[in-house]
Amino acid sequence: MTRAFMLSLGVTFALSACGEPPQRVAAAPEPVAESSDGATVPAQPTQSDNPQAVSARAAIDWDAALTDLAARGDTEDDAVSVQVQSAGAPPSVPVLLPTGIVTVQSADGTGGPAFRPTDDGYFARYPGPSYDVVVHGTNVVADVAGEAIKRDEAMTFIDLMDGAQVSLSRYGADYLVTFECKAISGGENCVAEEEALEVARNLVIVRSQ
């Protein structure tokens, strides 16, 4: 009996020396989201370090704009000059307007080229026989955080169902030239790509700060 008692005591001492067995730690539950049918599905992780596009004001090269304006001398169209000067304070971007295009005017003398300054630049409309030309100049550009804005004067043509658009940058500002068709016949656009690019290429500066 003494031997059995000693064996039992030895087993008890060994268990007490080892301590209690380690507790199982439950893993943190994965984030879940509820689908439209009520089932739970793993939630997609959010990535806060993705670059976000933000709007920024462009730095305008007014010196280059003034140089080009001075080089034009007195060759600018008087009608265009009156429209721009009547707007009061200069817009926040150099004013570029089309030249050499045919415009129409109503019998009462209205309906000719129109100019309006905006918070970010200006808006100009030139009514034409087959399409209207709308020019929008802006100093608001899309900037992606951590990336430098790469901008040049290369033109981009976009064919629309009812016209076309040409975008370009000059003096640090962005310009969009829109061609709005008066009518579409035979499924053909009222303005060809080369014609639209030619109008945008011949934009002239008529006002600076």
# chains A, B, ... in the order shown; residues from 1 in each chain; ligands from 1

call {"tool": "select_by_dssp", "arguments": {"residues": "segment 164-201 of chain A", "states": "helix (DSSP H, G or I)", "output": "MDAnalysis selection string"}}
result
chainID A and resid 193:201

call {"tool": "write_last_selection", "arguments": {"atoms": "N, CA and C atoms", "output": "PDB file, in the first residue's frame"}}
result
ATOM      1  N   GLU A 193     -12.359  65.525 -87.999  1.00  0.00           N
ATOM      2  CA  GLU A 193     -11.305  65.624 -86.994  1.00  0.00           C
ATOM      3  C   GLU A 193     -10.275  66.681 -87.370  1.00  0.00           C
ATOM      4  N   GLU A 194      -9.817  66.684 -88.606  1.00  0.00           N
ATOM      5  CA  GLU A 194      -8.795  67.645 -89.006  1.00  0.00           C
ATOM      6  C   GLU A 194      -9.316  69.078 -88.919  1.00  0.00           C
ATOM      7  N   GLU A 195     -10.594  69.270 -89.253  1.00  0.00           N
ATOM      8  CA  GLU A 195     -11.179  70.614 -89.156  1.00  0.00           C
ATOM      9  C   GLU A 195     -11.236  71.078 -87.716  1.00  0.00           C
ATOM     10  N   ALA A 196     -11.648  70.183 -86.816  1.00  0.00           N
ATOM     11  CA  ALA A 196     -11.719  70.533 -85.399  1.00  0.00           C
ATOM     12  C   ALA A 196     -10.339  70.835 -84.839  1.00  0.00           C
ATOM     13  N   LEU A 197      -9.353  70.023 -85.204  1.00  0.00           N
ATOM     14  CA  LEU A 197      -7.988  70.255 -84.735  1.00  0.00           C
ATOM     15  C   LEU A 197      -7.429  71.572 -85.276  1.00  0.00           C
ATOM     16  N   GLU A 198      -7.807  71.908 -86.502  1.00  0.00           N
ATOM     17  CA  GLU A 198      -7.326  73.158 -87.093  1.00  0.00           C
ATOM     18  C   GLU A 198      -7.875  74.361 -86.344  1.00  0.00           C
ATOM     19  N   VAL A 199      -9.160  74.317 -85.970  1.00  0.00           N
ATOM     20  CA  VAL A 199      -9.743  75.417 -85.202  1.00  0.00           C
ATOM     21  C   VAL A 199      -9.041  75.551 -83.855  1.00  0.00           C
ATOM     22  N   ALA A 200      -8.826  74.431 -83.172  1.00  0.00           N
ATOM     23  CA  ALA A 200      -8.156  74.469 -81.872  1.00  0.00           C
ATOM     24  C   ALA A 200      -6.705  74.917 -82.005  1.00  0.00           C
ATOM     25  N   ARG A 201      -6.065  74.502 -83.068  1.00  0.00           N
ATOM     26  CA  ARG A 201      -4.654  74.867 -83.288  1.00  0.00           C
ATOM     27  C   ARG A 201      -4.504  76.370 -83.518  1.00  0.00           C
TER      28      ARG A 201
END

call {"tool": "atom_distance", "arguments": {"atom1": "atom CA of Ala164 of chain A", "atom2": "atom CA of Glu180 of chain A"}}
result
7.1 Å

call {"tool": "atom_distance", "arguments": {"atom1": "atom CA of Val166 of chain A", "atom2": "atom CA of Gln209 of chain A"}}
result
24.9 Å

call {"tool": "residues_around", "arguments": {"residues": "Thr118 of chain A", "least_positions_apart": "6", "cutoff": "9 Å", "atoms": "only C-alpha atoms", "output": "PyMOL selection string"}}
result
chain A and resi 91-92+138

call {"tool": "write_last_selection", "arguments": {"atoms": "C-alpha atoms", "output": "compact mmCIF listing (two decimals), in the first residue's frame"}}
result
# COMPACT_ATOMS: atom_id res chain seq x y z
CA PRO A 91 -10.46 86.04 -66.17
CA SER A 92 -8.17 83.83 -64.11
CA THR A 138 -10.09 76.78 -66.78

call {"tool": "atom_distance", "arguments": {"atom1": "atom CA of Ile101 of chain A", "atom2": "atom CA of Ile184 of chain A"}}
result
19.9 Å

call {"tool": "residues_around", "arguments": {"residues": "Ala89 of chain A", "least_positions_apart": "6", "cutoff": "12 Å", "atoms": "only C-alpha atoms", "output": "JSON, numbers by chain"}}
result
{"A": [116, 117, 118, 119, 121, 122, 207, 208, 209]}

call {"tool": "closest_residue", "arguments": {"among": "A:Ser130, A:Asn139, A:Thr103, A:Ser185", "to": "Arg170 of chain A", "atoms": "only C-alpha atoms"}}
result
A:Asn139
